[in-house]
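Structure, as structure tokens:
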Amino acid sequence: MSHHIVEAKNLQHVYPDGTVAIKDVSFCITHGESVAIIGANGAGKSTLLQHLNGCLIATSGQIRIGDTPLSKGTLPDIRRTVGMVFQYPDDQLFMPTVFEDVAFGPLNLGLSGDEVDQRVVEALERVGAGHLRTKPPYNLSGGEKKRVAIATVLAMAPDILVMDEPTSGLDPFARRQLISLLREFQHTKIFTSHDLDMVLDLCQRTIILHEGVIMADGPTDEIFQNEELLAACRLEKPFSMQGCPVCNGKTNTKCHDAG
Amino acid sequence: MASISAAVIDLKRLELLADSDSPVHVIDARAKVLVTFVFIVAVVSHNSYELARLLPFFIFPTVMIALAGLPMLYLARKIALISTFALMVGIFNPVFDRTILYQIGQWGISGGWISLLSLLIRSMLTVGAAFILVGTTGFTAVCQALERLGMPQLFAIQLLFLHRYIFVLADETGRSSRARELRSCGRKGLGVASFGSLVGHLLLRTWQKAERIHIAMLARGFVGRFHAHRQSSFGKAELYFLLGWSSLFIVLRTFDVTGTLGTLITGIFK
Ligand SMILES: Nc1ncnc2c1ncn2[C@@H]1O[C@H](COP(=O)(O)OP(=O)(O)O)[C@@H](O)[C@H]1O
Ligand SMILES: [Mg+2]
């Protein structure tokens, strides 16, 4: 089971134009954990995530998935283990139909006919998108695209699920659906998000990234109580922890429980 | 310009057609690629004033569309759209080439008009054949077939990416020009400066987006090998398909079938 551990050591990334997007980032995420990486726009979250399956190569430092250090030779194996859902589903869905798109990964894994079909059907059912299989991806709604994008990754049976801003651009209903879907997954999960209410809902642990540096790493509740820290990192408490506007902020828990 | 994105979305529909099980769809992609190739060579190699001898070639698209159950009207529209490019290429033929080739009553028809018409017919035939190929096979499978036929893998993959890139480019073009149109307040003269900057941004953005798609493909285990979903092999059916059509095209190309038929019929009525 040590396969599900994600470890980053002194990670640094400098883009070709000289932007230092992350500086000396280290963390270790263990099996079954659900971790949020939060931070303001441009903090380096997406850059960090893309290191986890070798989409970007660190300028210095190391990534380790389980016992395997990420390198050119281990890349195929690591990409199978770490499933990445990108921020914009339009980048992720490129085949003519939803079915073919979900089948793309399993086919690349070398699976054959029936097995591929089975995986595709299972993955689509899992995200509640079975009825979309014959549709072209570009005709789907935002929420549907997101779910199909998740299915494309699930079909590869990854151990670790990495998602860049999963709830961005979704309407409240689609967002809630997605959150309950994500809650069911037993994988090790790593999200970035601006949706701190979702983070509070799904992740026990939070890492705050600010200008490419880790400012905090700990239990989500504790971090969200620390208003100074949040303010320093250009973040705001999740709505559910702010005073309730209806009852003037006093009975916040009660009002919240009632709703 | 919004119509460009509409046209592209409509083109993507072509690939959806490949998801079927008609007798043409199930034939191994290599046989279809080869037949299409022979067809295109046979059509294109006619001299540029040829009309009558091109007509029998319409039997191929007709039969294929009927057997594959492709939507006739949709294909016709797409072919017409692309043929306008051929029209642009050949539009000056009638101006430059005024040698009278045929005389119908008092009307003289110049070589320019004949060659323009011939160009149009040839573009309709070849574009139609290419559409039928993709519509009954799917672009990925076509690339895979090319590779299995001996095209270097690198070229085959580039072809595949080019195909995806065109869609990306067209999408982005549609979006950008709409934004530009909306902000130009209905004026026509939008200025060359803004247009240059638009094109520059467009290329950069398209490139970035194509790169993101490539990354997404890599993330899902793409290592530069094709996997078409349909498993097929080159069997007897493929052999008959290939030999049948190819020999027909070669016969049509070498012998003047239309002319012979014409003389036969006029002979009968004499
Ligand atoms: N391809 C790139 N080239 C140069 N700089 C980039 C590139 N991508 C991102 N950056 C820069 O890196 C920093 C971190 O970006 P990103 O990881 O996308 O932030 P986040 O996802 O937290 O909003 C930003 O300052 C951004 O401008
Ligand atoms: Mg980001």
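In the structure tokens, the first chain shown is A, the next is B, and so on; residue numbers restart at 1 for each chain, and ligands run from 1 in the order shown.
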Identify, counting only C-alpha atoms and all ligand atoms, the protein, DNA and RNA residues located within 10 Å of ligand 1, and give them as a PDB file with all heavy atoms, in the first residue's frame.
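As a result, out_11.pdb now contains:
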ATOM      1  N   HIS A  13      10.377  25.093  -9.155  1.00  0.00           N
ATOM      2  CA  HIS A  13      10.143  25.146 -10.595  1.00  0.00           C
ATOM      3  C   HIS A  13      10.313  26.558 -11.127  1.00  0.00           C
ATOM      4  O   HIS A  13       9.700  27.511 -10.652  1.00  0.00           O
ATOM      5  CB  HIS A  13       8.757  24.638 -10.963  1.00  0.00           C
ATOM      6  CG  HIS A  13       8.593  24.468 -12.439  1.00  0.00           C
ATOM      7  ND1 HIS A  13       8.926  23.302 -13.093  1.00  0.00           N
ATOM      8  CD2 HIS A  13       8.210  25.335 -13.400  1.00  0.00           C
ATOM      9  CE1 HIS A  13       8.721  23.449 -14.384  1.00  0.00           C
ATOM     10  NE2 HIS A  13       8.285  24.669 -14.601  1.00  0.00           N
ATOM     11  N   VAL A  14      11.161  26.683 -12.123  1.00  0.00           N
ATOM     12  CA  VAL A  14      11.374  27.966 -12.785  1.00  0.00           C
ATOM     13  C   VAL A  14      10.908  27.814 -14.221  1.00  0.00           C
ATOM     14  O   VAL A  14      11.363  26.930 -14.940  1.00  0.00           O
ATOM     15  CB  VAL A  14      12.864  28.359 -12.764  1.00  0.00           C
ATOM     16  CG1 VAL A  14      13.053  29.748 -13.363  1.00  0.00           C
ATOM     17  CG2 VAL A  14      13.414  28.321 -11.350  1.00  0.00           C
ATOM     18  N   TYR A  15       9.937  28.644 -14.621  1.00  0.00           N
ATOM     19  CA  TYR A  15       9.477  28.585 -16.010  1.00  0.00           C
ATOM     20  C   TYR A  15      10.533  29.164 -16.943  1.00  0.00           C
ATOM     21  O   TYR A  15      11.368  29.956 -16.500  1.00  0.00           O
ATOM     22  CB  TYR A  15       8.159  29.362 -16.163  1.00  0.00           C
ATOM     23  CG  TYR A  15       6.949  28.542 -15.774  1.00  0.00           C
ATOM     24  CD1 TYR A  15       6.231  28.816 -14.603  1.00  0.00           C
ATOM     25  CD2 TYR A  15       6.517  27.494 -16.575  1.00  0.00           C
ATOM     26  CE1 TYR A  15       5.117  28.064 -14.266  1.00  0.00           C
ATOM     27  CE2 TYR A  15       5.412  26.743 -16.240  1.00  0.00           C
ATOM     28  CZ  TYR A  15       4.714  27.024 -15.091  1.00  0.00           C
ATOM     29  OH  TYR A  15       3.634  26.279 -14.761  1.00  0.00           O
ATOM     30  N   PRO A  16      10.477  28.781 -18.216  1.00  0.00           N
ATOM     31  CA  PRO A  16      11.514  29.238 -19.158  1.00  0.00           C
ATOM     32  C   PRO A  16      11.658  30.765 -19.187  1.00  0.00           C
ATOM     33  O   PRO A  16      12.729  31.281 -19.462  1.00  0.00           O
ATOM     34  CB  PRO A  16      11.008  28.731 -20.514  1.00  0.00           C
ATOM     35  CG  PRO A  16      10.118  27.587 -20.195  1.00  0.00           C
ATOM     36  CD  PRO A  16       9.551  27.834 -18.838  1.00  0.00           C
ATOM     37  N   ASP A  17      10.567  31.503 -18.902  1.00  0.00           N
ATOM     38  CA  ASP A  17      10.682  32.965 -18.951  1.00  0.00           C
ATOM     39  C   ASP A  17      11.253  33.540 -17.651  1.00  0.00           C
ATOM     40  O   ASP A  17      11.299  34.752 -17.472  1.00  0.00           O
ATOM     41  CB  ASP A  17       9.324  33.597 -19.268  1.00  0.00           C
ATOM     42  CG  ASP A  17       8.323  33.407 -18.138  1.00  0.00           C
ATOM     43  OD1 ASP A  17       8.638  32.657 -17.192  1.00  0.00           O
ATOM     44  OD2 ASP A  17       7.243  34.011 -18.197  1.00  0.00           O
ATOM     45  N   GLY A  18      11.671  32.670 -16.720  1.00  0.00           N
ATOM     46  CA  GLY A  18      12.315  33.154 -15.506  1.00  0.00           C
ATOM     47  C   GLY A  18      11.396  33.230 -14.295  1.00  0.00           C
ATOM     48  O   GLY A  18      11.868  33.473 -13.183  1.00  0.00           O
ATOM     49  N   THR A  19      10.086  33.050 -14.493  1.00  0.00           N
ATOM     50  CA  THR A  19       9.163  33.076 -13.354  1.00  0.00           C
ATOM     51  C   THR A  19       9.462  31.910 -12.419  1.00  0.00           C
ATOM     52  O   THR A  19       9.467  30.756 -12.846  1.00  0.00           O
ATOM     53  CB  THR A  19       7.703  32.925 -13.831  1.00  0.00           C
ATOM     54  OG1 THR A  19       7.494  33.774 -14.939  1.00  0.00           O
ATOM     55  CG2 THR A  19       6.731  33.236 -12.717  1.00  0.00           C
ATOM     56  N   VAL A  20       9.717  32.226 -11.162  1.00  0.00           N
ATOM     57  CA  VAL A  20       9.909  31.146 -10.189  1.00  0.00           C
ATOM     58  C   VAL A  20       8.540  30.837  -9.609  1.00  0.00           C
ATOM     59  O   VAL A  20       8.022  31.561  -8.775  1.00  0.00           O
ATOM     60  CB  VAL A  20      10.876  31.566  -9.072  1.00  0.00           C
ATOM     61  CG1 VAL A  20      11.124  30.392  -8.131  1.00  0.00           C
ATOM     62  CG2 VAL A  20      12.175  32.042  -9.672  1.00  0.00           C
ATOM     63  N   ALA A  21       7.916  29.774 -10.072  1.00  0.00           N
ATOM     64  CA  ALA A  21       6.533  29.501  -9.692  1.00  0.00           C
ATOM     65  C   ALA A  21       6.454  28.775  -8.356  1.00  0.00           C
ATOM     66  O   ALA A  21       5.572  29.050  -7.559  1.00  0.00           O
ATOM     67  CB  ALA A  21       5.835  28.706 -10.779  1.00  0.00           C
ATOM     68  N   ILE A  22       7.356  27.832  -8.095  1.00  0.00           N
ATOM     69  CA  ILE A  22       7.422  27.257  -6.746  1.00  0.00           C
ATOM     70  C   ILE A  22       8.870  27.180  -6.273  1.00  0.00           C
ATOM     71  O   ILE A  22       9.785  26.927  -7.055  1.00  0.00           O
ATOM     72  CB  ILE A  22       6.757  25.862  -6.637  1.00  0.00           C
ATOM     73  CG1 ILE A  22       7.176  24.951  -7.767  1.00  0.00           C
ATOM     74  CG2 ILE A  22       5.267  25.953  -6.596  1.00  0.00           C
ATOM     75  CD1 ILE A  22       6.540  23.582  -7.695  1.00  0.00           C
ATOM     76  N   ILE A  37      -4.807  21.808  -1.502  1.00  0.00           N
ATOM     77  CA  ILE A  37      -3.738  22.788  -1.651  1.00  0.00           C
ATOM     78  C   ILE A  37      -4.419  24.091  -2.028  1.00  0.00           C
ATOM     79  O   ILE A  37      -5.046  24.175  -3.086  1.00  0.00           O
ATOM     80  CB  ILE A  37      -2.742  22.350  -2.741  1.00  0.00           C
ATOM     81  CG1 ILE A  37      -2.074  21.038  -2.314  1.00  0.00           C
ATOM     82  CG2 ILE A  37      -1.701  23.424  -2.982  1.00  0.00           C
ATOM     83  CD1 ILE A  37      -1.170  20.445  -3.353  1.00  0.00           C
ATOM     84  N   ILE A  38      -4.372  25.080  -1.135  1.00  0.00           N
ATOM     85  CA  ILE A  38      -5.066  26.332  -1.429  1.00  0.00           C
ATOM     86  C   ILE A  38      -4.075  27.477  -1.515  1.00  0.00           C
ATOM     87  O   ILE A  38      -2.926  27.367  -1.083  1.00  0.00           O
ATOM     88  CB  ILE A  38      -6.160  26.639  -0.383  1.00  0.00           C
ATOM     89  CG1 ILE A  38      -5.551  26.804   1.002  1.00  0.00           C
ATOM     90  CG2 ILE A  38      -7.195  25.524  -0.353  1.00  0.00           C
ATOM     91  CD1 ILE A  38      -6.569  27.260   2.041  1.00  0.00           C
ATOM     92  N   GLY A  39      -4.541  28.569  -2.060  1.00  0.00           N
ATOM     93  CA  GLY A  39      -3.686  29.733  -2.222  1.00  0.00           C
ATOM     94  C   GLY A  39      -4.306  30.672  -3.245  1.00  0.00           C
ATOM     95  O   GLY A  39      -5.170  30.259  -4.013  1.00  0.00           O
ATOM     96  N   ALA A  40      -3.869  31.929  -3.231  1.00  0.00           N
ATOM     97  CA  ALA A  40      -4.438  32.921  -4.143  1.00  0.00           C
ATOM     98  C   ALA A  40      -4.102  32.572  -5.594  1.00  0.00           C
ATOM     99  O   ALA A  40      -3.332  31.651  -5.853  1.00  0.00           O
ATOM    100  CB  ALA A  40      -3.882  34.300  -3.791  1.00  0.00           C
ATOM    101  N   ASN A  41      -4.684  33.319  -6.521  1.00  0.00           N
ATOM    102  CA  ASN A  41      -4.334  33.131  -7.936  1.00  0.00           C
ATOM    103  C   ASN A  41      -2.847  33.334  -8.129  1.00  0.00           C
ATOM    104  O   ASN A  41      -2.276  34.280  -7.601  1.00  0.00           O
ATOM    105  CB  ASN A  41      -5.052  34.164  -8.812  1.00  0.00           C
ATOM    106  CG  ASN A  41      -6.522  33.845  -8.962  1.00  0.00           C
ATOM    107  OD1 ASN A  41      -7.356  34.691  -8.749  1.00  0.00           O
ATOM    108  ND2 ASN A  41      -6.824  32.628  -9.310  1.00  0.00           N
ATOM    109  N   GLY A  42      -2.248  32.475  -8.889  1.00  0.00           N
ATOM    110  CA  GLY A  42      -0.827  32.633  -9.192  1.00  0.00           C
ATOM    111  C   GLY A  42       0.089  32.173  -8.080  1.00  0.00           C
ATOM    112  O   GLY A  42       1.288  32.386  -8.128  1.00  0.00           O
ATOM    113  N   ALA A  43      -0.470  31.495  -7.072  1.00  0.00           N
ATOM    114  CA  ALA A  43       0.354  31.039  -5.955  1.00  0.00           C
ATOM    115  C   ALA A  43       1.257  29.884  -6.370  1.00  0.00           C
ATOM    116  O   ALA A  43       2.260  29.609  -5.712  1.00  0.00           O
ATOM    117  CB  ALA A  43      -0.532  30.613  -4.797  1.00  0.00           C
ATOM    118  N   GLY A  44       0.899  29.210  -7.443  1.00  0.00           N
ATOM    119  CA  GLY A  44       1.722  28.108  -7.931  1.00  0.00           C
ATOM    120  C   GLY A  44       1.066  26.746  -7.752  1.00  0.00           C
ATOM    121  O   GLY A  44       1.718  25.716  -7.911  1.00  0.00           O
ATOM    122  N   LYS A  45      -0.238  26.746  -7.482  1.00  0.00           N
ATOM    123  CA  LYS A  45      -0.927  25.476  -7.226  1.00  0.00           C
ATOM    124  C   LYS A  45      -0.909  24.565  -8.451  1.00  0.00           C
ATOM    125  O   LYS A  45      -0.524  23.397  -8.366  1.00  0.00           O
ATOM    126  CB  LYS A  45      -2.386  25.743  -6.807  1.00  0.00           C
ATOM    127  CG  LYS A  45      -2.520  26.650  -5.610  1.00  0.00           C
ATOM    128  CD  LYS A  45      -3.960  26.986  -5.314  1.00  0.00           C
ATOM    129  CE  LYS A  45      -4.702  27.685  -6.402  1.00  0.00           C
ATOM    130  NZ  LYS A  45      -4.503  29.056  -6.700  1.00  0.00           N
ATOM    131  N   SER A  46      -1.327  25.120  -9.588  1.00  0.00           N
ATOM    132  CA  SER A  46      -1.382  24.287 -10.795  1.00  0.00           C
ATOM    133  C   SER A  46       0.004  23.780 -11.163  1.00  0.00           C
ATOM    134  O   SER A  46       0.180  22.629 -11.550  1.00  0.00           O
ATOM    135  CB  SER A  46      -1.953  25.076 -11.967  1.00  0.00           C
ATOM    136  OG  SER A  46      -3.243  25.526 -11.660  1.00  0.00           O
ATOM    137  N   THR A  47       0.975  24.656 -11.034  1.00  0.00           N
ATOM    138  CA  THR A  47       2.343  24.263 -11.337  1.00  0.00           C
ATOM    139  C   THR A  47       2.760  23.089 -10.460  1.00  0.00           C
ATOM    140  O   THR A  47       3.310  22.100 -10.944  1.00  0.00           O
ATOM    141  CB  THR A  47       3.288  25.448 -11.097  1.00  0.00           C
ATOM    142  OG1 THR A  47       2.780  26.586 -11.793  1.00  0.00           O
ATOM    143  CG2 THR A  47       4.687  25.138 -11.567  1.00  0.00           C
ATOM    144  N   LEU A  48       2.452  23.191  -9.171  1.00  0.00           N
ATOM    145  CA  LEU A  48       2.821  22.129  -8.237  1.00  0.00           C
ATOM    146  C   LEU A  48       2.151  20.809  -8.630  1.00  0.00           C
ATOM    147  O   LEU A  48       2.795  19.767  -8.723  1.00  0.00           O
ATOM    148  CB  LEU A  48       2.426  22.533  -6.819  1.00  0.00           C
ATOM    149  CG  LEU A  48       2.668  21.493  -5.725  1.00  0.00           C
ATOM    150  CD1 LEU A  48       4.142  21.140  -5.657  1.00  0.00           C
ATOM    151  CD2 LEU A  48       2.195  22.004  -4.375  1.00  0.00           C
ATOM    152  N   LEU A  49       0.855  20.880  -8.906  1.00  0.00           N
ATOM    153  CA  LEU A  49       0.123  19.649  -9.231  1.00  0.00           C
ATOM    154  C   LEU A  49       0.708  18.957 -10.449  1.00  0.00           C
ATOM    155  O   LEU A  49       0.805  17.736 -10.496  1.00  0.00           O
ATOM    156  CB  LEU A  49      -1.352  19.956  -9.510  1.00  0.00           C
ATOM    157  CG  LEU A  49      -2.279  20.178  -8.328  1.00  0.00           C
ATOM    158  CD1 LEU A  49      -3.701  19.975  -8.753  1.00  0.00           C
ATOM    159  CD2 LEU A  49      -1.935  19.268  -7.175  1.00  0.00           C
ATOM    160  N   GLN A  50       1.089  19.755 -11.435  1.00  0.00           N
ATOM    161  CA  GLN A  50       1.557  19.140 -12.673  1.00  0.00           C
ATOM    162  C   GLN A  50       2.893  18.420 -12.514  1.00  0.00           C
ATOM    163  O   GLN A  50       3.315  17.683 -13.394  1.00  0.00           O
ATOM    164  CB  GLN A  50       1.657  20.192 -13.771  1.00  0.00           C
ATOM    165  CG  GLN A  50       0.283  20.675 -14.158  1.00  0.00           C
ATOM    166  CD  GLN A  50       0.291  21.499 -15.406  1.00  0.00           C
ATOM    167  OE1 GLN A  50       1.000  21.191 -16.354  1.00  0.00           O
ATOM    168  NE2 GLN A  50      -0.483  22.565 -15.415  1.00  0.00           N
ATOM    169  N   GLN A  87      -7.782  21.409 -14.867  1.00  0.00           N
ATOM    170  CA  GLN A  87      -8.739  22.452 -14.510  1.00  0.00           C
ATOM    171  C   GLN A  87      -9.788  22.659 -15.600  1.00  0.00           C
ATOM    172  O   GLN A  87     -10.958  22.809 -15.315  1.00  0.00           O
ATOM    173  CB  GLN A  87      -7.984  23.755 -14.245  1.00  0.00           C
ATOM    174  CG  GLN A  87      -8.909  24.886 -13.866  1.00  0.00           C
ATOM    175  CD  GLN A  87      -8.132  26.096 -13.406  1.00  0.00           C
ATOM    176  OE1 GLN A  87      -6.910  26.085 -13.316  1.00  0.00           O
ATOM    177  NE2 GLN A  87      -8.848  27.160 -13.103  1.00  0.00           N
ATOM    178  N   ASP A 164      -7.286  19.657 -10.269  1.00  0.00           N
ATOM    179  CA  ASP A 164      -7.042  21.091 -10.238  1.00  0.00           C
ATOM    180  C   ASP A 164      -8.386  21.812 -10.272  1.00  0.00           C
ATOM    181  O   ASP A 164      -9.098  21.762 -11.275  1.00  0.00           O
ATOM    182  CB  ASP A 164      -6.173  21.482 -11.444  1.00  0.00           C
ATOM    183  CG  ASP A 164      -5.463  22.794 -11.204  1.00  0.00           C
ATOM    184  OD1 ASP A 164      -5.731  23.424 -10.162  1.00  0.00           O
ATOM    185  OD2 ASP A 164      -4.638  23.177 -12.045  1.00  0.00           O
ATOM    186  N   GLU A 165      -8.726  22.449  -9.204  1.00  0.00           N
ATOM    187  CA  GLU A 165      -9.961  23.216  -9.080  1.00  0.00           C
ATOM    188  C   GLU A 165     -11.186  22.478  -9.621  1.00  0.00           C
ATOM    189  O   GLU A 165     -11.808  22.917 -10.584  1.00  0.00           O
ATOM    190  CB  GLU A 165      -9.813  24.565  -9.795  1.00  0.00           C
ATOM    191  CG  GLU A 165      -8.552  25.274  -9.321  1.00  0.00           C
ATOM    192  CD  GLU A 165      -8.630  26.774  -9.498  1.00  0.00           C
ATOM    193  OE1 GLU A 165      -9.689  27.283  -9.856  1.00  0.00           O
ATOM    194  OE2 GLU A 165      -7.597  27.421  -9.258  1.00  0.00           O
ATOM    195  N   THR A 192      -6.654  21.171  -5.636  1.00  0.00           N
ATOM    196  CA  THR A 192      -6.463  22.593  -5.393  1.00  0.00           C
ATOM    197  C   THR A 192      -7.846  23.191  -5.478  1.00  0.00           C
ATOM    198  O   THR A 192      -8.697  22.641  -6.172  1.00  0.00           O
ATOM    199  CB  THR A 192      -5.593  23.280  -6.450  1.00  0.00           C
ATOM    200  OG1 THR A 192      -6.342  23.370  -7.663  1.00  0.00           O
ATOM    201  CG2 THR A 192      -4.316  22.517  -6.694  1.00  0.00           C
ATOM    202  N   SER A 193      -8.065  24.278  -4.776  1.00  0.00           N
ATOM    203  CA  SER A 193      -9.387  24.881  -4.880  1.00  0.00           C
ATOM    204  C   SER A 193      -9.432  26.277  -4.304  1.00  0.00           C
ATOM    205  O   SER A 193      -8.659  26.625  -3.411  1.00  0.00           O
ATOM    206  CB  SER A 193     -10.423  24.018  -4.173  1.00  0.00           C
ATOM    207  OG  SER A 193     -11.693  24.464  -4.521  1.00  0.00           O
ATOM    208  N   HIS A 194     -10.346  27.087  -4.842  1.00  0.00           N
ATOM    209  CA  HIS A 194     -10.680  28.364  -4.213  1.00  0.00           C
ATOM    210  C   HIS A 194     -11.973  28.191  -3.436  1.00  0.00           C
ATOM    211  O   HIS A 194     -12.428  29.110  -2.781  1.00  0.00           O
ATOM    212  CB  HIS A 194     -10.879  29.442  -5.280  1.00  0.00           C
ATOM    213  CG  HIS A 194      -9.622  29.784  -5.991  1.00  0.00           C
ATOM    214  ND1 HIS A 194      -8.563  30.361  -5.363  1.00  0.00           N
ATOM    215  CD2 HIS A 194      -9.243  29.618  -7.273  1.00  0.00           C
ATOM    216  CE1 HIS A 194      -7.578  30.531  -6.230  1.00  0.00           C
ATOM    217  NE2 HIS A 194      -7.967  30.078  -7.398  1.00  0.00           N
ATOM    218  N   LEU A 209      -0.375  27.479   0.011  1.00  0.00           N
ATOM    219  CA  LEU A 209       0.750  27.863  -0.832  1.00  0.00           C
ATOM    220  C   LEU A 209       0.653  29.364  -1.066  1.00  0.00           C
ATOM    221  O   LEU A 209      -0.430  29.885  -1.360  1.00  0.00           O
ATOM    222  CB  LEU A 209       0.638  27.110  -2.160  1.00  0.00           C
ATOM    223  CG  LEU A 209       1.896  26.844  -2.957  1.00  0.00           C
ATOM    224  CD1 LEU A 209       2.868  26.024  -2.142  1.00  0.00           C
ATOM    225  CD2 LEU A 209       1.546  26.102  -4.233  1.00  0.00           C
ATOM    226  N   HIS A 210       1.750  30.078  -0.865  1.00  0.00           N
ATOM    227  CA  HIS A 210       1.731  31.519  -1.093  1.00  0.00           C
ATOM    228  C   HIS A 210       3.008  31.905  -1.814  1.00  0.00           C
ATOM    229  O   HIS A 210       4.106  31.706  -1.299  1.00  0.00           O
ATOM    230  CB  HIS A 210       1.609  32.252   0.246  1.00  0.00           C
ATOM    231  CG  HIS A 210       1.511  33.748   0.084  1.00  0.00           C
ATOM    232  ND1 HIS A 210       0.512  34.334  -0.658  1.00  0.00           N
ATOM    233  CD2 HIS A 210       2.282  34.738   0.572  1.00  0.00           C
ATOM    234  CE1 HIS A 210       0.670  35.653  -0.617  1.00  0.00           C
ATOM    235  NE2 HIS A 210       1.749  35.926   0.106  1.00  0.00           N
ATOM    236  N   GLU A 211       2.848  32.437  -3.004  1.00  0.00           N
ATOM    237  CA  GLU A 211       3.988  32.825  -3.837  1.00  0.00           C
ATOM    238  C   GLU A 211       5.035  31.725  -3.925  1.00  0.00           C
ATOM    239  O   GLU A 211       6.237  31.967  -3.783  1.00  0.00           O
ATOM    240  CB  GLU A 211       4.577  34.134  -3.319  1.00  0.00           C
ATOM    241  CG  GLU A 211       3.565  35.257  -3.471  1.00  0.00           C
ATOM    242  CD  GLU A 211       4.063  36.588  -2.949  1.00  0.00           C
ATOM    243  OE1 GLU A 211       5.166  36.631  -2.367  1.00  0.00           O
ATOM    244  OE2 GLU A 211       3.346  37.578  -3.140  1.00  0.00           O
ATOM    245  N   GLY A 212       4.546  30.521  -4.110  1.00  0.00           N
ATOM    246  CA  GLY A 212       5.451  29.409  -4.358  1.00  0.00           C
ATOM    247  C   GLY A 212       6.060  28.773  -3.121  1.00  0.00           C
ATOM    248  O   GLY A 212       6.916  27.908  -3.234  1.00  0.00           O
TER     249      GLY A 212
ATOM    250  N   GLN B 208      -0.544  27.153 -26.984  1.00  0.00           N
ATOM    251  CA  GLN B 208      -0.640  26.773 -25.568  1.00  0.00           C
ATOM    252  C   GLN B 208      -1.717  25.726 -25.362  1.00  0.00           C
ATOM    253  O   GLN B 208      -1.539  24.763 -24.629  1.00  0.00           O
ATOM    254  CB  GLN B 208      -0.963  27.999 -24.721  1.00  0.00           C
ATOM    255  CG  GLN B 208       0.262  28.817 -24.388  1.00  0.00           C
ATOM    256  CD  GLN B 208      -0.105  30.087 -23.660  1.00  0.00           C
ATOM    257  OE1 GLN B 208      -1.286  30.426 -23.547  1.00  0.00           O
ATOM    258  NE2 GLN B 208       0.898  30.794 -23.179  1.00  0.00           N
TER     259      GLN B 208
END
- Task: From the DSSP assignment of the backbone, select every residue of range 83-171 of chain A that is helix (DSSP H, G or I), and format the answer as a PyMOL selection string.
- Result: chain A and resi 89-92+98-108+113-126+130-132+137-139+142-154
- Residue list for chain B near chain A as a list in words, 6 Å, only C-alpha atoms: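 So the residues of chain B near chain A are Ile213, Ala216, Ala219, Arg220, Gly221 and Phe222 of chain B.
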Print the selection's residues with all heavy atoms to a file, as an mmCIF file, in the first residue's frame.
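Result written to out_26.cif:
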data_model
loop_
_atom_site.group_PDB
_atom_site.id
_atom_site.type_symbol
_atom_site.label_atom_id
_atom_site.label_comp_id
_atom_site.auth_asym_id
_atom_site.auth_seq_id
_atom_site.Cartn_x
_atom_site.Cartn_y
_atom_site.Cartn_z
ATOM 1 N N ILE B 213 -3.466 20.078 -24.388
ATOM 2 C CA ILE B 213 -4.114 18.837 -24.815
ATOM 3 C C ILE B 213 -3.081 17.718 -24.905
ATOM 4 O O ILE B 213 -3.323 16.595 -24.472
ATOM 5 C CB ILE B 213 -4.820 19.039 -26.169
ATOM 6 C CG1 ILE B 213 -6.000 19.971 -25.991
ATOM 7 C CG2 ILE B 213 -5.272 17.704 -26.748
ATOM 8 C CD1 ILE B 213 -6.769 20.251 -27.247
ATOM 9 N N ALA B 216 -2.400 16.491 -21.565
ATOM 10 C CA ALA B 216 -3.498 15.642 -21.084
ATOM 11 C C ALA B 216 -3.411 14.249 -21.708
ATOM 12 O O ALA B 216 -3.717 13.251 -21.067
ATOM 13 C CB ALA B 216 -4.835 16.285 -21.406
ATOM 14 N N ALA B 219 -0.679 12.437 -19.967
ATOM 15 C CA ALA B 219 -1.091 12.058 -18.618
ATOM 16 C C ALA B 219 -1.939 10.800 -18.642
ATOM 17 O O ALA B 219 -2.044 10.099 -17.650
ATOM 18 C CB ALA B 219 -1.862 13.199 -17.963
ATOM 19 N N ARG B 220 -2.563 10.532 -19.776
ATOM 20 C CA ARG B 220 -3.374 9.320 -19.832
ATOM 21 C C ARG B 220 -2.641 8.220 -20.601
ATOM 22 O O ARG B 220 -3.238 7.415 -21.302
ATOM 23 C CB ARG B 220 -4.736 9.626 -20.443
ATOM 24 C CG ARG B 220 -5.610 10.311 -19.394
ATOM 25 C CD ARG B 220 -7.053 10.199 -19.718
ATOM 26 N NE ARG B 220 -7.465 11.249 -20.614
ATOM 27 C CZ ARG B 220 -8.433 11.117 -21.488
ATOM 28 N NH1 ARG B 220 -9.061 9.970 -21.610
ATOM 29 N NH2 ARG B 220 -8.770 12.121 -22.256
ATOM 30 N N GLY B 221 -1.338 8.240 -20.482
ATOM 31 C CA GLY B 221 -0.569 7.091 -20.950
ATOM 32 C C GLY B 221 -0.271 7.067 -22.434
ATOM 33 O O GLY B 221 0.148 6.046 -22.957
ATOM 34 N N PHE B 222 -0.469 8.191 -23.133
ATOM 35 C CA PHE B 222 -0.158 8.218 -24.560
ATOM 36 C C PHE B 222 1.355 8.200 -24.733
ATOM 37 O O PHE B 222 2.054 9.040 -24.187
ATOM 38 C CB PHE B 222 -0.748 9.476 -25.192
ATOM 39 C CG PHE B 222 -0.522 9.580 -26.666
ATOM 40 C CD1 PHE B 222 -1.237 8.797 -27.542
ATOM 41 C CD2 PHE B 222 0.406 10.477 -27.180
ATOM 42 C CE1 PHE B 222 -1.043 8.892 -28.904
ATOM 43 C CE2 PHE B 222 0.608 10.585 -28.538
ATOM 44 C CZ PHE B 222 -0.117 9.789 -29.398
#
- Query: Which of these, A:Ser180, A:Asn226, A:Asn10, A:Ser168, has the shortest distance to Phe27 in chain A once you count only C-alpha atoms?
  - Reply: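 Closest to Phe27 in chain A, using only C-alpha atoms: A:Asn10.
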